[in-house]
>>> print(open('coords_0.csv').read())   # CSV, C-alpha atoms
chain,number,residue,atom,x,y,z
I,1,MET,CA,89.9,72.9,105.6
I,2,THR,CA,92.8,74.9,107.1
I,3,ASP,CA,96.4,74.0,106.7
I,4,PRO,CA,97.6,72.1,109.8
I,5,THR,CA,101.1,73.4,109.3
I,6,ALA,CA,100.2,77.1,108.9
I,7,ASN,CA,101.6,78.1,112.3
I,8,ASP,CA,104.9,76.3,111.7
I,9,VAL,CA,105.6,77.1,108.0
I,10,GLY,CA,108.8,79.0,107.6
I,11,ARG,CA,110.0,78.3,111.2
I,12,PRO,CA,113.4,76.8,111.7
I,13,CYS,CA,113.7,73.0,112.4
I,14,ASP,CA,116.0,71.2,114.7
I,15,SER,CA,118.1,69.6,111.9
I,16,GLY,CA,119.9,72.8,111.0
I,17,ALA,CA,122.0,74.0,108.1
I,18,ASP,CA,124.4,71.1,108.1
I,19,ASP,CA,121.7,68.6,107.3
I,20,VAL,CA,120.3,70.8,104.6
I,21,ALA,CA,123.8,71.5,103.2
I,22,ARG,CA,124.6,67.8,103.0
I,23,TRP,CA,121.4,67.0,101.2
I,24,CYS,CA,121.9,70.0,98.8
I,25,ASP,CA,125.4,68.6,98.0
I,26,TYR,CA,124.0,65.2,97.3
I,27,CYS,CA,121.2,66.6,95.1
I,28,ALA,CA,123.8,68.6,93.2
I,29,GLN,CA,125.9,65.5,92.7
I,30,LEU,CA,122.8,63.6,91.3
I,31,LEU,CA,122.1,66.5,89.0
I,32,GLN,CA,125.7,66.7,87.9
I,33,ALA,CA,125.6,63.0,87.1
I,34,THR,CA,122.5,63.5,85.1
I,35,ARG,CA,124.2,66.4,83.2
I,36,ALA,CA,127.3,64.3,82.5
I,37,PHE,CA,125.0,61.5,81.2
I,38,LEU,CA,123.2,63.9,78.9
I,39,LEU,CA,126.5,65.3,77.6
I,40,GLY,CA,127.3,61.8,76.4
I,41,ILE,CA,124.1,61.1,74.4
I,42,SER,CA,122.8,62.5,71.2
I,43,ASP,CA,119.9,64.9,70.8
I,44,LYS,CA,118.0,62.1,69.1
I,45,THR,CA,118.5,59.7,71.9
I,46,PHE,CA,117.4,62.3,74.4
I,47,SER,CA,114.2,63.1,72.6
I,48,ASP,CA,113.3,59.7,71.2
I,49,ARG,CA,110.5,57.6,72.8
I,50,PRO,CA,111.3,54.0,72.1
I,51,ARG,CA,108.6,51.4,71.4
I,52,GLY,CA,107.0,50.5,74.7
I,53,ALA,CA,108.0,53.8,76.2
I,54,GLU,CA,106.0,56.2,73.9
I,55,ARG,CA,104.7,58.2,76.9
I,56,ALA,CA,108.1,58.8,78.6
I,57,GLY,CA,111.5,58.9,76.9
I,58,VAL,CA,114.7,60.0,78.4
I,59,GLY,CA,113.8,63.7,78.0
I,60,THR,CA,110.5,63.3,79.6
I,61,HIS,CA,112.1,61.7,82.7
I,62,VAL,CA,114.7,64.4,82.9
I,63,ARG,CA,112.1,67.1,82.6
I,64,HIS,CA,110.0,65.5,85.3
I,65,VAL,CA,113.0,65.4,87.7
I,66,LEU,CA,113.9,69.0,87.0
I,67,ASP,CA,110.2,70.0,87.7
I,68,ALA,CA,110.4,68.5,91.2
I,69,TYR,CA,113.6,70.5,92.0
I,70,ALA,CA,112.1,73.7,90.6
I,71,SER,CA,108.9,73.1,92.7
I,72,LEU,CA,110.9,72.6,95.8
I,73,LEU,CA,113.2,75.5,95.3
I,74,ASP,CA,110.4,77.9,94.5
I,75,GLY,CA,108.4,76.6,97.5
I,76,ALA,CA,111.3,76.8,99.9
I,77,GLU,CA,111.2,80.5,99.5
I,78,THR,CA,107.5,80.8,100.3
I,79,GLY,CA,107.2,77.9,102.8
I,80,SER,CA,104.7,76.2,100.5
I,81,VAL,CA,105.7,73.5,98.0
I,82,ASP,CA,103.2,72.3,95.5
I,83,TYR,CA,104.5,69.4,93.4
I,84,ASP,CA,101.1,69.1,91.7
I,85,ARG,CA,101.6,72.6,90.0
I,86,ARG,CA,104.8,71.8,88.2
I,87,ALA,CA,105.5,73.9,85.1
I,88,ARG,CA,106.1,70.9,82.9
I,89,PRO,CA,108.0,72.8,80.2
I,90,ALA,CA,107.8,70.4,77.2
I,91,ARG,CA,110.7,72.2,75.5
I,92,ILE,CA,113.1,70.8,78.1
I,93,GLU,CA,112.1,67.3,77.3
I,94,ARG,CA,112.7,67.8,73.6
I,95,ASP,CA,115.9,69.9,73.8
I,96,ARG,CA,118.9,68.3,75.4
I,97,GLU,CA,120.9,71.5,75.6
I,98,ARG,CA,118.1,73.3,77.3
I,99,ALA,CA,117.9,70.5,79.8
I,100,ILE,CA,121.6,70.7,80.4
I,101,ALA,CA,121.3,74.4,81.0
I,102,ALA,CA,118.4,74.0,83.3
I,103,ILE,CA,120.4,71.5,85.4
I,104,GLY,CA,123.1,74.1,85.8
I,105,THR,CA,120.6,76.7,87.0
I,106,LEU,CA,119.1,74.3,89.5
I,107,ILE,CA,122.5,73.3,90.9
I,108,GLU,CA,123.4,77.0,91.3
I,109,ARG,CA,120.0,77.7,93.0
I,110,LEU,CA,120.6,74.7,95.4
I,111,ARG,CA,124.0,76.0,96.4
I,112,LYS,CA,123.1,79.7,96.6
I,113,GLU,CA,119.5,79.8,97.8
I,114,VAL,CA,119.1,76.6,99.9
I,115,SER,CA,122.4,75.1,101.1
I,116,GLU,CA,123.1,77.6,103.9
I,117,ARG,CA,119.5,78.5,104.7
I,118,GLY,CA,119.1,75.8,107.4
I,119,ASP,CA,116.1,73.6,107.7
I,120,ARG,CA,112.6,75.0,108.0
I,121,GLN,CA,109.0,73.8,108.1
I,122,LEU,CA,107.2,73.5,104.8
I,123,SER,CA,103.7,72.8,103.7
I,124,VAL,CA,103.7,70.3,100.9
I,125,ARG,CA,101.1,69.3,98.3
I,126,CYS,CA,101.8,66.2,96.3
I,127,ASP,CA,99.3,64.1,94.4
I,128,GLU,CA,96.4,65.5,96.4
I,129,PRO,CA,93.1,63.6,96.2
I,130,ALA,CA,91.1,66.8,95.4
I,131,PRO,CA,91.8,70.5,94.7
I,132,GLY,CA,91.9,72.6,97.8
I,133,THR,CA,93.2,69.8,100.0
I,134,ALA,CA,95.5,71.1,102.7
I,135,GLY,CA,99.2,70.5,102.4
I,136,ALA,CA,101.1,68.1,104.6
I,137,ALA,CA,103.7,69.2,107.2
I,138,SER,CA,107.2,68.6,106.0
I,139,SER,CA,110.6,70.3,106.2
I,140,LEU,CA,113.2,71.4,103.7
I,141,ALA,CA,115.6,68.6,104.7
I,142,ARG,CA,112.9,66.0,104.2
I,143,GLU,CA,111.9,67.4,100.8
I,144,LEU,CA,115.6,67.4,99.7
I,145,ARG,CA,115.6,63.7,100.6
I,146,PHE,CA,112.5,63.2,98.6
I,147,VAL,CA,113.9,64.9,95.4
I,148,ALA,CA,117.1,63.0,95.8
I,149,SER,CA,115.3,59.6,96.0
I,150,HIS,CA,113.0,60.7,93.1
I,151,THR,CA,116.1,61.6,91.0
I,152,VAL,CA,117.7,58.2,91.6
I,153,HIS,CA,114.4,56.5,90.8
I,154,HIS,CA,114.1,58.3,87.4
I,155,GLN,CA,117.8,57.8,86.7
I,156,ALA,CA,117.1,54.1,87.0
I,157,LEU,CA,114.2,54.3,84.6
I,158,ILE,CA,116.3,56.3,82.2
I,159,GLY,CA,119.0,53.6,82.5
I,160,GLU,CA,116.5,50.9,81.5
I,161,LEU,CA,115.4,52.9,78.5
I,162,MET,CA,119.0,53.4,77.5
I,163,ARG,CA,119.7,49.7,77.8
I,164,GLU,CA,116.7,49.0,75.6
I,165,MET,CA,118.1,51.3,73.0
I,166,GLY,CA,121.5,49.6,73.2
I,167,HIS,CA,123.3,52.4,75.1
I,168,PRO,CA,123.9,51.3,78.7
I,169,PRO,CA,124.5,54.1,81.2
I,170,PRO,CA,127.3,54.2,83.7
I,171,GLU,CA,127.1,51.3,86.1
I,172,ASP,CA,126.2,53.4,89.2
I,173,PHE,CA,123.7,55.7,87.3
I,174,GLY,CA,120.3,55.3,89.0
I,175,VAL,CA,121.6,53.3,91.9
I,176,ALA,CA,120.9,54.5,95.5
I,177,ARG,CA,123.9,55.2,97.8
I,178,SER,CA,122.7,52.5,100.2
I,179,THR,CA,122.8,50.0,97.4
I,180,LEU,CA,126.3,51.1,96.3
I,181,ARG,CA,127.5,50.8,99.9
I,182,TYR,CA,125.9,47.3,100.2
I,183,ARG,CA,127.6,46.2,96.9
I,184,ALA,CA,131.0,47.5,98.1
I,185,SER,CA,130.7,45.7,101.4
I,186,GLY,CA,131.1,42.4,99.8
>>> encode(input="coords_0.csv", output="structure tokens")
Amino acid sequence: MTDPTANDVGRPCDSGADDVARWCDYCAQLLQATRAFLLGISDKTFSDRPRGAERAGVGTHVRHVLDAYASLLDGAETGSVDYDRRARPARIERDRERAIAAIGTLIERLRKEVSERGDRQLSVRCDEPAPGTAGAASSLARELRFVASHTVHHQALIGELMREMGHPPPEDFGVARSTLRYRASG
């Protein structure tokens, strides 16, 4: 099967640099919030897997989020994003300082490599039903939206883990912007 987006991959999209820059800024804010959160917890809390969450502690969720950003940033350069082929570096989910450093690197990459690039067509593979399945048509702006939503989702899961461990996160950690706006409206 051929890739239906093959002729468009890498081509500019209509949404332009401003949309991409706004989403890069938001993704950077989410990553900064995650970094600030990690700076406030212990190494043990980061790497622990509490009862009922043996498969995914805080570190596992953080590593998973960072994998998505790395996949997008790597794929943005080539025009082909493959979320299924994440690196999954286990050391990041066990080492809080390494995760904090990785967040800094991703923020820098977002700002330097992507923010001013403008939107472009991408071919994206994610949870494909079989190896060799063609990627879906997408764009850089769309995928930035995805990783932002994905980050908020995992921040919420991390928040629940932290509450279970008796360490509640900041009130707005893991809460979508639309929810924050709704709550502020009264």
>>> residues_near_point(input="coords_0.csv", point="(123.5, 70.5, 102.5)", cutoff="7 Å", atoms="only C-alpha atoms", output="short mmCIF file (atom, residue, chain, number, x, y, z; two decimals) with C-alpha atoms, in the coordinates of the input")
data_model
loop_
_atom_site.label_atom_id
_atom_site.label_comp_id
_atom_site.auth_asym_id
_atom_site.auth_seq_id
_atom_site.Cartn_x
_atom_site.Cartn_y
_atom_site.Cartn_z
CA ALA I 17 122.00 74.00 108.10
CA ASP I 18 124.40 71.10 108.10
CA ASP I 19 121.70 68.60 107.30
CA VAL I 20 120.30 70.80 104.60
CA ALA I 21 123.80 71.50 103.20
CA ARG I 22 124.60 67.80 103.00
CA TRP I 23 121.40 67.00 101.20
CA CYS I 24 121.90 70.00 98.80
CA ASP I 25 125.40 68.60 98.00
CA SER I 115 122.40 75.10 101.10
#
>>> residues_near_point(input="coords_0.csv", point="(118.4, 52.2, 76.9)", cutoff="10 Å", atoms="all atoms listed in the file", output="JSON, numbers by chain")
{"I": [45, 50, 57, 58, 157, 158, 159, 160, 161, 162, 163, 164, 165, 166, 167, 168, 169]}
>>> atom_distance(input="coords_0.csv", atom1="atom CA of Gly186 of chain I", atom2="atom CA of Leu144 of chain I")
29.4 Å
>>> atom_distance(input="coords_0.csv", atom1="atom CA of Arg98 of chain I", atom2="atom CA of Glu171 of chain I")
25.3 Å
>>> closest_residue(input="coords_0.csv", among="I:Ser138, I:Thr60, I:Thr105, I:Ser42", to="Ser80 of chain I", atoms="only C-alpha atoms")
I:Ser138
>>> closest_residue(input="coords_0.csv", among="I:Ala137, I:Ile41, I:Val62, I:Ala184", to="Thr151 of chain I", atoms="only C-alpha atoms")
I:Val62
>>> closest_residue(input="coords_0.csv", among="I:Ala141, I:Ala76, I:Ala156, I:Val65", to="Ser123 of chain I", atoms="all atoms listed in the file")
I:Ala76
>>> build_atoms(input="coords_0.csv", residues="segment 115-137 of chain I", atoms="N, CA, C and O atoms", output="PDB file, in the coordinates of the input")
ATOM      1  N   SER I 115     121.382  75.843 100.355  1.00  0.00           N
ATOM      2  CA  SER I 115     122.400  75.100 101.100  1.00  0.00           C
ATOM      3  C   SER I 115     122.693  75.705 102.478  1.00  0.00           C
ATOM      4  O   SER I 115     122.833  74.981 103.453  1.00  0.00           O
ATOM      5  N   GLU I 116     122.779  77.017 102.580  1.00  0.00           N
ATOM      6  CA  GLU I 116     123.100  77.600 103.900  1.00  0.00           C
ATOM      7  C   GLU I 116     121.931  78.155 104.636  1.00  0.00           C
ATOM      8  O   GLU I 116     122.086  78.742 105.701  1.00  0.00           O
ATOM      9  N   ARG I 117     120.758  77.934 104.118  1.00  0.00           N
ATOM     10  CA  ARG I 117     119.500  78.500 104.700  1.00  0.00           C
ATOM     11  C   ARG I 117     119.194  77.793 106.041  1.00  0.00           C
ATOM     12  O   ARG I 117     118.611  78.384 106.928  1.00  0.00           O
ATOM     13  N   GLY I 118     119.520  76.546 106.178  1.00  0.00           N
ATOM     14  CA  GLY I 118     119.100  75.800 107.400  1.00  0.00           C
ATOM     15  C   GLY I 118     117.722  75.192 107.091  1.00  0.00           C
ATOM     16  O   GLY I 118     117.020  75.550 106.143  1.00  0.00           O
ATOM     17  N   ASP I 119     117.362  74.263 107.934  1.00  0.00           N
ATOM     18  CA  ASP I 119     116.100  73.600 107.700  1.00  0.00           C
ATOM     19  C   ASP I 119     114.955  74.499 108.184  1.00  0.00           C
ATOM     20  O   ASP I 119     115.135  75.398 109.008  1.00  0.00           O
ATOM     21  N   ARG I 120     113.808  74.269 107.612  1.00  0.00           N
ATOM     22  CA  ARG I 120     112.600  75.000 108.000  1.00  0.00           C
ATOM     23  C   ARG I 120     111.385  74.209 107.658  1.00  0.00           C
ATOM     24  O   ARG I 120     111.425  73.303 106.838  1.00  0.00           O
ATOM     25  N   GLN I 121     110.306  74.530 108.325  1.00  0.00           N
ATOM     26  CA  GLN I 121     109.000  73.800 108.100  1.00  0.00           C
ATOM     27  C   GLN I 121     108.468  74.257 106.746  1.00  0.00           C
ATOM     28  O   GLN I 121     108.579  75.416 106.342  1.00  0.00           O
ATOM     29  N   LEU I 122     107.852  73.285 106.081  1.00  0.00           N
ATOM     30  CA  LEU I 122     107.200  73.500 104.800  1.00  0.00           C
ATOM     31  C   LEU I 122     105.814  72.886 104.824  1.00  0.00           C
ATOM     32  O   LEU I 122     105.593  71.894 105.523  1.00  0.00           O
ATOM     33  N   SER I 123     104.926  73.431 104.048  1.00  0.00           N
ATOM     34  CA  SER I 123     103.700  72.800 103.700  1.00  0.00           C
ATOM     35  C   SER I 123     103.793  72.248 102.328  1.00  0.00           C
ATOM     36  O   SER I 123     104.199  72.977 101.419  1.00  0.00           O
ATOM     37  N   VAL I 124     103.482  70.955 102.145  1.00  0.00           N
ATOM     38  CA  VAL I 124     103.700  70.300 100.900  1.00  0.00           C
ATOM     39  C   VAL I 124     102.472  69.673 100.320  1.00  0.00           C
ATOM     40  O   VAL I 124     101.786  68.925 101.013  1.00  0.00           O
ATOM     41  N   ARG I 125     102.209  69.980  99.060  1.00  0.00           N
ATOM     42  CA  ARG I 125     101.100  69.300  98.300  1.00  0.00           C
ATOM     43  C   ARG I 125     101.738  68.441  97.268  1.00  0.00           C
ATOM     44  O   ARG I 125     102.614  68.858  96.531  1.00  0.00           O
ATOM     45  N   CYS I 126     101.246  67.186  97.231  1.00  0.00           N
ATOM     46  CA  CYS I 126     101.800  66.200  96.300  1.00  0.00           C
ATOM     47  C   CYS I 126     100.725  65.168  95.998  1.00  0.00           C
ATOM     48  O   CYS I 126     100.338  64.454  96.933  1.00  0.00           O
ATOM     49  N   ASP I 127     100.271  65.090  94.758  1.00  0.00           N
ATOM     50  CA  ASP I 127      99.300  64.100  94.400  1.00  0.00           C
ATOM     51  C   ASP I 127      98.081  64.093  95.282  1.00  0.00           C
ATOM     52  O   ASP I 127      97.633  63.056  95.771  1.00  0.00           O
ATOM     53  N   GLU I 128      97.575  65.280  95.509  1.00  0.00           N
ATOM     54  CA  GLU I 128      96.400  65.500  96.400  1.00  0.00           C
ATOM     55  C   GLU I 128      95.172  64.854  95.818  1.00  0.00           C
ATOM     56  O   GLU I 128      94.970  64.902  94.606  1.00  0.00           O
ATOM     57  N   PRO I 129      94.305  64.302  96.662  1.00  0.00           N
ATOM     58  CA  PRO I 129      93.100  63.600  96.200  1.00  0.00           C
ATOM     59  C   PRO I 129      92.073  64.591  95.563  1.00  0.00           C
ATOM     60  O   PRO I 129      91.255  64.177  94.762  1.00  0.00           O
ATOM     61  N   ALA I 130      92.127  65.865  95.969  1.00  0.00           N
ATOM     62  CA  ALA I 130      91.100  66.800  95.400  1.00  0.00           C
ATOM     63  C   ALA I 130      91.734  68.223  95.523  1.00  0.00           C
ATOM     64  O   ALA I 130      92.545  68.516  96.406  1.00  0.00           O
ATOM     65  N   PRO I 131      91.322  69.101  94.603  1.00  0.00           N
ATOM     66  CA  PRO I 131      91.800  70.500  94.700  1.00  0.00           C
ATOM     67  C   PRO I 131      91.377  71.106  96.027  1.00  0.00           C
ATOM     68  O   PRO I 131      90.328  70.787  96.588  1.00  0.00           O
ATOM     69  N   GLY I 132      92.245  71.934  96.558  1.00  0.00           N
ATOM     70  CA  GLY I 132      91.900  72.600  97.800  1.00  0.00           C
ATOM     71  C   GLY I 132      92.311  71.817  99.048  1.00  0.00           C
ATOM     72  O   GLY I 132      92.123  72.293 100.158  1.00  0.00           O
ATOM     73  N   THR I 133      92.793  70.586  98.870  1.00  0.00           N
ATOM     74  CA  THR I 133      93.200  69.800 100.000  1.00  0.00           C
ATOM     75  C   THR I 133      94.421  70.442 100.662  1.00  0.00           C
ATOM     76  O   THR I 133      95.321  70.911  99.981  1.00  0.00           O
ATOM     77  N   ALA I 134      94.435  70.465 101.967  1.00  0.00           N
ATOM     78  CA  ALA I 134      95.500  71.100 102.700  1.00  0.00           C
ATOM     79  C   ALA I 134      96.832  70.339 102.468  1.00  0.00           C
ATOM     80  O   ALA I 134      96.841  69.130 102.273  1.00  0.00           O
ATOM     81  N   GLY I 135      97.939  71.076 102.505  1.00  0.00           N
ATOM     82  CA  GLY I 135      99.200  70.500 102.400  1.00  0.00           C
ATOM     83  C   GLY I 135      99.632  69.704 103.628  1.00  0.00           C
ATOM     84  O   GLY I 135      99.072  69.906 104.701  1.00  0.00           O
ATOM     85  N   ALA I 136     100.609  68.830 103.489  1.00  0.00           N
ATOM     86  CA  ALA I 136     101.100  68.100 104.600  1.00  0.00           C
ATOM     87  C   ALA I 136     102.329  68.769 105.213  1.00  0.00           C
ATOM     88  O   ALA I 136     103.076  69.455 104.510  1.00  0.00           O
ATOM     89  N   ALA I 137     102.517  68.592 106.498  1.00  0.00           N
ATOM     90  CA  ALA I 137     103.700  69.200 107.200  1.00  0.00           C
ATOM     91  C   ALA I 137     104.935  68.436 106.726  1.00  0.00           C
ATOM     92  O   ALA I 137     104.956  67.210 106.645  1.00  0.00           O
TER      93      ALA I 137
END
